[in-house]
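Source file run03.csv; content: CSV, C-alpha atoms.
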```csv
chain,number,residue,atom,x,y,z
R,1,MET,CA,50.5,-36.1,-127.8
R,2,GLU,CA,50.6,-32.8,-129.7
R,3,LEU,CA,53.6,-30.6,-128.9
R,4,LEU,CA,53.2,-27.1,-127.7
R,5,SER,CA,55.2,-25.9,-130.7
R,6,GLU,CA,52.7,-27.6,-133.1
R,7,LYS,CA,49.7,-25.9,-131.3
R,8,PHE,CA,51.4,-22.6,-131.6
R,9,GLU,CA,52.1,-23.1,-135.3
R,10,ARG,CA,48.3,-23.2,-135.6
R,11,VAL,CA,48.2,-19.9,-133.8
R,12,LEU,CA,50.6,-18.3,-136.3
R,13,ALA,CA,48.6,-19.6,-139.2
R,14,TYR,CA,45.4,-18.2,-137.7
R,15,ILE,CA,47.0,-14.8,-137.1
R,16,ASP,CA,48.3,-14.7,-140.7
R,17,THR,CA,44.7,-15.2,-142.1
R,18,HIS,CA,42.8,-13.0,-139.6
R,19,LEU,CA,44.9,-9.7,-139.5
R,20,ASN,CA,41.7,-7.7,-140.0
R,21,THR,CA,40.0,-9.0,-136.9
R,22,SER,CA,40.5,-8.2,-133.2
R,23,LEU,CA,42.7,-11.3,-132.5
R,24,SER,CA,42.0,-11.2,-128.7
R,25,LEU,CA,44.3,-13.1,-126.4
R,26,ASP,CA,41.5,-15.4,-125.2
R,27,THR,CA,40.8,-16.4,-128.9
R,28,LEU,CA,44.5,-17.2,-129.5
R,29,ALA,CA,44.8,-19.1,-126.2
R,30,ASP,CA,41.8,-21.2,-127.1
R,31,ILE,CA,43.4,-22.1,-130.4
R,32,ALA,CA,46.6,-23.1,-128.6
R,33,GLN,CA,44.6,-25.0,-126.0
R,34,VAL,CA,46.5,-23.3,-123.1
R,35,PRO,CA,45.3,-21.1,-120.2
R,36,GLN,CA,45.3,-17.5,-121.2
R,37,CYS,CA,47.6,-16.6,-118.2
R,38,HIS,CA,50.4,-18.6,-119.8
R,39,PHE,CA,49.9,-17.8,-123.5
R,40,ASP,CA,52.4,-15.0,-123.9
R,41,ASN,CA,55.0,-16.7,-121.8
R,42,ILE,CA,54.9,-19.6,-124.2
R,43,PHE,CA,54.7,-17.4,-127.2
R,44,MET,CA,57.8,-15.5,-126.1
R,45,SER,CA,59.6,-18.8,-125.3
R,46,LEU,CA,59.0,-20.2,-128.7
R,47,PHE,CA,59.1,-17.1,-131.0
R,48,HIS,CA,61.2,-14.4,-129.3
R,49,SER,CA,58.3,-12.0,-129.2
R,50,THR,CA,55.0,-11.3,-127.4
R,51,SER,CA,51.9,-12.1,-129.5
R,52,SER,CA,50.9,-8.4,-129.6
R,53,GLN,CA,54.4,-7.3,-130.9
R,54,TYR,CA,54.2,-10.0,-133.6
R,55,ILE,CA,50.7,-9.1,-134.7
R,56,GLN,CA,51.6,-5.4,-134.8
R,57,LEU,CA,54.6,-6.1,-137.0
R,58,LEU,CA,52.7,-8.4,-139.3
R,59,ARG,CA,49.9,-5.8,-139.7
R,60,ASN,CA,52.3,-3.0,-140.5
R,61,LEU,CA,54.3,-5.1,-143.0
R,62,GLU,CA,51.1,-6.0,-144.8
R,63,ALA,CA,49.9,-2.4,-144.8
R,64,ALA,CA,53.3,-1.3,-146.2
R,65,HIS,CA,52.9,-3.8,-149.0
R,66,GLN,CA,49.5,-2.4,-149.9
R,67,LEU,CA,50.6,1.2,-149.7
R,68,GLY,CA,53.8,0.7,-151.8
R,69,PHE,CA,52.0,-1.0,-154.7
R,70,ASP,CA,48.7,1.0,-154.7
R,71,LYS,CA,49.1,4.8,-155.0
R,72,ASN,CA,45.3,5.4,-155.0
R,73,ILE,CA,44.2,3.3,-152.0
R,74,SER,CA,43.2,5.5,-149.0
R,75,ILE,CA,45.1,5.3,-145.7
R,76,MET,CA,41.9,4.5,-143.8
R,77,GLN,CA,41.1,1.6,-146.2
R,78,VAL,CA,44.5,0.1,-145.6
R,79,ALA,CA,44.2,0.6,-141.8
R,80,GLN,CA,40.9,-1.2,-141.7
R,81,SER,CA,42.1,-4.0,-143.9
R,82,VAL,CA,44.8,-4.9,-141.4
R,83,GLY,CA,42.7,-4.6,-138.2
R,84,TYR,CA,43.1,-1.0,-137.1
R,85,VAL,CA,39.9,0.8,-136.0
R,86,ASP,CA,41.1,4.3,-136.6
R,87,GLU,CA,43.6,6.1,-138.8
R,88,ALA,CA,45.4,7.9,-136.0
R,89,THR,CA,46.4,4.8,-134.2
R,90,PHE,CA,47.4,3.1,-137.5
R,91,THR,CA,49.6,6.1,-138.4
R,92,THR,CA,51.3,6.2,-135.0
R,93,GLU,CA,52.1,2.5,-135.0
R,94,PHE,CA,53.0,2.2,-138.6
R,95,THR,CA,55.4,5.0,-138.4
R,96,ALA,CA,57.1,3.6,-135.3
R,97,SER,CA,57.3,0.1,-136.9
R,98,ILE,CA,58.2,0.9,-140.5
R,99,GLY,CA,60.1,4.2,-140.0
R,100,GLN,CA,58.0,6.2,-142.4
R,101,SER,CA,54.4,7.6,-142.1
R,102,PRO,CA,51.8,5.7,-144.2
R,103,SER,CA,51.4,8.7,-146.6
R,104,ASP,CA,55.2,9.1,-147.0
R,105,PHE,CA,55.7,5.4,-147.6
R,106,GLN,CA,52.9,5.4,-150.2
R,107,LEU,CA,54.6,8.2,-152.1
R,108,HIS,CA,58.3,7.3,-151.5
R,109,PRO,CA,58.6,3.7,-150.1
R,110,ASP,CA,62.0,2.8,-148.7
R,111,TRP,CA,62.0,-0.8,-149.7
R,112,GLY,CA,65.5,-1.4,-148.3
R,113,ASN,CA,64.3,-0.5,-144.9
R,114,PHE,CA,61.1,-2.4,-145.4
R,115,PHE,CA,63.0,-5.7,-146.0
R,116,VAL,CA,65.1,-5.0,-142.9
R,117,LYS,CA,61.9,-4.6,-140.8
R,118,GLN,CA,60.9,-8.2,-142.0
R,119,GLN,CA,64.1,-9.7,-140.3
R,120,PRO,CA,62.3,-10.6,-137.1
R,121,LEU,CA,59.9,-12.9,-139.1
R,122,LYS,CA,62.9,-14.7,-140.6
R,123,THR,CA,64.3,-15.5,-137.1
R,124,LEU,CA,60.9,-16.2,-135.6
R,125,SER,CA,61.4,-19.9,-135.1
R,126,GLU,CA,65.1,-20.0,-134.5
R,127,GLY,CA,65.9,-21.5,-131.1
R,128,HIS,CA,66.9,-19.6,-128.0
R,129,GLU,CA,70.2,-20.5,-126.3
R,130,THR,CA,69.5,-24.1,-125.3
R,131,LEU,CA,69.7,-25.1,-121.7
R,132,SER,CA,69.8,-28.7,-120.5
R,133,ALA,CA,67.7,-30.4,-117.7
R,134,ASP,CA,70.8,-30.2,-115.5
R,135,ASP,CA,71.1,-26.5,-116.0
R,136,VAL,CA,67.6,-25.8,-114.7
R,137,ASN,CA,66.9,-28.9,-112.5
R,138,VAL,CA,63.1,-28.9,-112.6
R,139,GLU,CA,61.3,-31.1,-110.1
R,140,VAL,CA,57.6,-31.7,-109.5
R,141,ILE,CA,56.2,-31.2,-106.0
R,142,ARG,CA,52.8,-30.8,-104.4
R,143,LEU,CA,51.7,-27.7,-102.5
R,144,GLU,CA,48.8,-27.3,-100.1
R,145,THR,CA,46.7,-24.2,-100.2
R,146,ILE,CA,48.6,-21.0,-99.1
R,147,PRO,CA,46.3,-18.1,-97.9
R,148,CYS,CA,47.7,-14.7,-98.9
R,149,ILE,CA,47.2,-11.0,-98.9
R,150,ALA,CA,48.0,-9.4,-102.2
R,151,ILE,CA,48.3,-6.1,-104.1
R,152,LYS,CA,48.1,-5.8,-107.9
R,153,HIS,CA,50.6,-4.0,-110.1
R,154,GLN,CA,49.2,-3.2,-113.5
R,155,ALA,CA,51.4,-0.3,-114.6
R,156,SER,CA,54.8,0.5,-116.1
R,157,GLU,CA,57.8,-1.3,-114.6
R,158,GLN,CA,59.2,2.0,-113.5
R,159,TYR,CA,56.4,2.3,-110.9
R,160,LEU,CA,57.0,-1.2,-109.5
R,161,PRO,CA,59.1,0.1,-106.6
R,162,GLN,CA,56.1,2.0,-105.4
R,163,THR,CA,53.9,-1.1,-105.3
R,164,ILE,CA,56.7,-3.0,-103.5
R,165,GLN,CA,57.0,-0.1,-101.0
R,166,ALA,CA,53.2,-0.2,-100.4
R,167,MET,CA,53.4,-3.9,-99.6
R,168,ARG,CA,56.5,-3.4,-97.4
R,169,ALA,CA,54.6,-0.7,-95.4
R,170,PHE,CA,51.6,-3.0,-95.0
R,171,ARG,CA,53.7,-5.8,-93.8
R,172,GLN,CA,55.4,-3.5,-91.3
R,173,ALA,CA,52.1,-2.1,-90.0
R,174,HIS,CA,50.6,-5.5,-89.5
R,175,LYS,CA,53.7,-7.5,-88.4
R,176,LEU,CA,53.8,-9.8,-91.4
R,177,TYR,CA,57.6,-10.0,-91.3
R,178,PRO,CA,59.5,-11.8,-94.1
R,179,GLN,CA,61.1,-14.1,-91.6
R,180,PHE,CA,57.6,-15.7,-90.9
R,181,SER,CA,55.5,-14.6,-93.9
R,182,ARG,CA,56.4,-15.9,-97.4
R,183,THR,CA,56.8,-13.5,-100.3
R,184,PHE,CA,55.3,-14.3,-103.7
R,185,ASN,CA,55.1,-12.6,-107.2
R,186,LEU,CA,52.2,-13.9,-109.3
R,187,ILE,CA,53.1,-13.3,-112.9
R,188,HIS,CA,50.0,-12.7,-115.0
R,189,GLN,CA,52.2,-11.3,-117.8
R,190,PHE,CA,56.0,-11.6,-117.5
R,191,GLN,CA,56.7,-9.4,-120.6
R,192,GLN,CA,55.5,-5.8,-121.0
R,193,ASN,CA,52.3,-5.5,-123.0
R,194,ALA,CA,51.7,-3.2,-125.9
R,195,SER,CA,51.1,-0.3,-123.6
R,196,GLY,CA,54.4,-0.9,-121.8
R,197,GLN,CA,52.7,-2.3,-118.6
R,198,ILE,CA,53.5,-5.4,-116.7
R,199,ASN,CA,50.8,-7.3,-114.9
R,200,MET,CA,51.6,-9.1,-111.6
R,201,ASP,CA,50.6,-9.4,-108.0
R,202,ILE,CA,52.8,-9.1,-104.9
R,203,ALA,CA,51.5,-11.4,-102.2
R,204,VAL,CA,52.5,-12.5,-98.7
R,205,SER,CA,51.3,-15.6,-96.9
R,206,VAL,CA,49.2,-15.3,-93.8
R,207,THR,CA,48.0,-17.8,-91.2
R,208,ALA,CA,44.3,-18.4,-90.5
R,209,GLU,CA,44.6,-16.3,-87.3
R,210,GLN,CA,46.2,-13.4,-89.2
R,211,LYS,CA,43.6,-13.6,-91.9
R,212,ALA,CA,40.8,-13.3,-89.3
R,213,GLN,CA,42.5,-10.4,-87.6
R,214,LEU,CA,43.0,-8.5,-90.9
R,215,THR,CA,39.5,-9.1,-92.4
R,216,ALA,CA,38.2,-5.6,-91.4
R,217,VAL,CA,41.4,-4.0,-92.7
R,218,ILE,CA,41.2,-5.7,-96.1
R,219,ASN,CA,37.5,-5.0,-96.4
R,220,ASP,CA,38.2,-1.3,-96.0
R,221,SER,CA,41.3,-1.3,-98.3
R,222,GLU,CA,41.2,-0.1,-101.9
R,223,HIS,CA,44.4,-1.9,-102.9
R,224,PHE,CA,44.9,-5.0,-100.8
R,225,TYR,CA,42.8,-8.1,-101.0
R,226,PHE,CA,42.7,-11.7,-99.9
R,227,SER,CA,44.1,-14.3,-102.3
R,228,GLU,CA,45.4,-17.8,-102.2
R,229,ILE,CA,47.8,-20.1,-104.0
R,230,PRO,CA,45.7,-23.2,-104.7
R,231,GLN,CA,46.8,-26.7,-103.7
R,232,GLY,CA,48.1,-28.8,-106.6
R,233,GLN,CA,51.1,-30.1,-108.5
R,234,TYR,CA,53.8,-27.6,-109.5
R,235,ALA,CA,56.9,-27.8,-111.6
R,236,THR,CA,59.6,-25.9,-109.6
R,237,PHE,CA,63.2,-24.9,-109.8
R,238,LEU,CA,65.5,-22.6,-107.7
R,239,HIS,CA,67.2,-19.7,-109.4
R,240,THR,CA,70.2,-17.7,-108.3
R,241,GLY,CA,71.5,-15.1,-110.7
R,242,THR,CA,70.3,-12.3,-113.1
R,243,ASP,CA,66.9,-11.7,-114.6
R,244,GLU,CA,68.3,-12.5,-118.0
R,245,GLU,CA,69.4,-15.9,-116.8
R,246,LEU,CA,66.0,-16.5,-115.2
R,247,LYS,CA,64.3,-15.7,-118.6
R,248,LYS,CA,66.5,-18.4,-120.2
R,249,LYS,CA,65.4,-20.9,-117.7
R,250,LEU,CA,61.7,-19.9,-118.1
R,251,ASN,CA,62.2,-20.4,-121.9
R,252,TYR,CA,63.5,-23.9,-121.2
R,253,LEU,CA,60.5,-24.6,-118.9
R,254,PHE,CA,57.9,-23.5,-121.4
R,255,ALA,CA,59.5,-24.4,-124.7
R,256,SER,CA,61.2,-27.7,-123.8
R,257,TRP,CA,60.4,-29.2,-120.4
R,258,LEU,CA,56.6,-29.2,-120.7
R,259,SER,CA,56.6,-31.1,-124.0
R,260,VAL,CA,59.3,-33.5,-122.9
R,261,GLN,CA,57.5,-34.3,-119.7
R,262,HIS,CA,54.1,-34.4,-121.4
R,263,LYS,CA,52.6,-32.0,-118.9
R,264,THR,CA,49.5,-29.9,-119.2
R,265,LEU,CA,49.4,-26.4,-117.7
R,266,ALA,CA,47.0,-25.6,-114.8
R,267,ASN,CA,44.9,-22.5,-115.1
R,268,TYR,CA,46.9,-20.5,-112.5
R,269,PRO,CA,49.6,-18.0,-113.2
R,270,LEU,CA,53.3,-18.7,-113.0
R,271,PHE,CA,54.6,-17.4,-109.7
R,272,PHE,CA,57.9,-16.8,-107.9
R,273,GLU,CA,58.7,-17.1,-104.3
R,274,ARG,CA,61.3,-14.5,-103.2
R,275,LEU,CA,63.7,-16.1,-100.7
R,276,ASN,CA,66.2,-14.4,-98.4
R,277,ILE,CA,64.8,-11.0,-99.4
R,278,LEU,CA,66.5,-9.4,-96.3
R,279,GLN,CA,69.9,-10.6,-97.6
R,280,GLN,CA,70.4,-8.8,-100.9
R,281,ASP,CA,73.7,-10.6,-101.6
R,282,ASN,CA,72.1,-14.0,-101.1
R,283,ALA,CA,68.6,-13.4,-102.6
R,284,GLN,CA,67.1,-16.4,-104.5
R,285,THR,CA,64.0,-17.0,-106.5
R,286,ARG,CA,62.0,-20.3,-106.5
R,287,VAL,CA,59.8,-20.6,-109.6
R,288,PHE,CA,56.5,-22.5,-109.6
R,289,LEU,CA,54.4,-23.5,-112.6
R,290,GLY,CA,51.1,-25.3,-112.0
R,291,VAL,CA,50.9,-28.6,-114.0
R,292,VAL,CA,48.5,-31.5,-114.2
```
Structure translated into structure tokens:
Amino acid sequence: MELLSEKFERVLAYIDTHLNTSLSLDTLADIAQVPQCHFDNIFMSLFHSTSSQYIQLLRNLEAAHQLGFDKNISIMQVAQSVGYVDEATFTTEFTASIGQSPSDFQLHPDWGNFFVKQQPLKTLSEGHETLSADDVNVEVIRLETIPCIAIKHQASEQYLPQTIQAMRAFRQAHKLYPQFSRTFNLIHQFQQNASGQINMDIAVSVTAEQKAQLTAVINDSEHFYFSEIPQGQYATFLHTGTDEELKKKLNYLFASWLSVQHKTLANYPLFFERLNILQQDNAQTRVFLGVV
């Protein structure tokens, strides 16, 4: 069985030879043969970077190489050759990445800084801090379908408290108290995307009776909607600690556990169940990853 790391090496090779194309997430996920909702989680676990960050760095390094060795090539020609559709976006991203504007680099390239900027590529495949099976304690369980009401958060992380407060107010108004209604975070994208946004849903479980009672409310709502966690097999572990410690465990789950256990990912997002949320000093997170 081909390892995830081997599939993602094919992705890196494809990116290297297609920098002038759009390199959409669905294309890269197809090459890796994984669901799109898990692609960047795996990419980060293996390579210390989101795919968009890696592609942007590679494009700008290639552009710098062209500019530094050809004083006559136009900025727009370079931009198009590495996949940018307009000169303004290229100039902004190149300057942020390389530390000089394209025109300045073409006239006076700082090669010392250029080589420093390549350092992330040299450490791309170096391992993260390694955790053991005992450190994470993953088990595989089966869940039945869990009906939910959810709200999306597709914005900067700084606005997440507002989304949480909106769900808290909805729960209070409709008596979906945490003691009886489970709390979930569906993680469509754990890392911030290129625009600085995170993509996740906040969901609470409801009974069939509660769902029927709230149908009219949800139909009239611009923000809340019915959802469900599908029945199936899930890899799961319990986490108590910091978000940084959680990320290390997720790295282990995606980069090591899946391959060792020969598991295939289900096409459903990673999700967390927030436990003991009324007890801040005793809060825990249970992680669920659909597998087949």
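Atom pair atom CA of R:Ile75 / atom CA of R:Phe90: separated by 8.8 Å.
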At a cut-off of 10 Å, using all atoms listed in the file, what residues contact stretch 152-162 of chain R? Leave out same-chain residues fewer than 2 positions from it and give the result as number ranges by chain. R: 150, 164-168, 185-186, 188-189, 192-193, 195-203, 223-225
Could you please determine the separation between atom CA of R:Asn251 and atom CA of R:Thr236 in Å, to one decimal place? 13.7 Å
Excluding R:Lys248 and its own-chain neighbours fewer than 5 positions away, which residues fall within 12 Å of it when counting all atoms listed in the file? Please give them as an NGL selection string. :R and (41 or 44-46 or 48 or 127-132 or 135-136 or 239 or 241-243 or 253-256)
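Atom pair atom CA of R:Pro178 / atom CA of R:Ile151 has a distance of 16.1 Å (rounded to one decimal).
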Might you pull out every residue within 12 Å of R:Thr95, with all atoms listed in the file counted and same-chain residues fewer than 4 positions away left off, and present them as a PyMOL selection string? chain R and resi 56-57+60-61+63-64+87-91+99-105+114+117
Counting all atoms listed in the file, the residue among R:His38, R:Ile149, R:Ala96, R:Thr163 that lies closest to R:Leu265 is R:His38
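Nearest to R:Arg59 of all the residues R:Phe271, R:Phe94, R:Phe226, R:Phe170 is R:Phe94, based on all atoms listed in the file.
Shortest separation to R:Gly290 among R:Arg182, R:Lys175, R:Arg142, R:His65 occurs at residue R:Arg142, atoms counted being only C-alpha atoms.
Nearest-residue note for R:Pro269: choosing from R:Gln80, R:Gln36, R:Asn72, R:Ser205, the minimum distance belongs to R:Gln36, counting only C-alpha atoms.
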So, with only C-alpha atoms as the atoms that count, which of R:Leu107, R:Ala32, R:Leu121, R:Leu278 lies closest to R:Leu58? R:Leu121
Considering all atoms listed in the file, return as a PDB file with C-alpha atoms, in the frame of the given file whatever protein or nucleic-acid residues lie within 10 Å of R:Gln179, sequence-local ones (same chain, fewer than 2 positions apart) excluded.
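Okay, this is what ended up in out_38.pdb:
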```pdb
ATOM      1  CA  LEU R 176      53.800  -9.800 -91.400  1.00  0.00           C
ATOM      2  CA  TYR R 177      57.600 -10.000 -91.300  1.00  0.00           C
ATOM      3  CA  SER R 181      55.500 -14.600 -93.900  1.00  0.00           C
ATOM      4  CA  ARG R 182      56.400 -15.900 -97.400  1.00  0.00           C
ATOM      5  CA  THR R 183      56.800 -13.500-100.300  1.00  0.00           C
ATOM      6  CA  LEU R 275      63.700 -16.100-100.700  1.00  0.00           C
ATOM      7  CA  ASN R 276      66.200 -14.400 -98.400  1.00  0.00           C
ATOM      8  CA  ILE R 277      64.800 -11.000 -99.400  1.00  0.00           C
ATOM      9  CA  LEU R 278      66.500  -9.400 -96.300  1.00  0.00           C
TER      10      LEU R 278
END
```
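Residue nearest R:Ile55 within the list R:Leu23, R:Ala169, R:Ile31, R:Met76: R:Leu23 [criterion: smallest interatomic distance, all atoms listed in the file].
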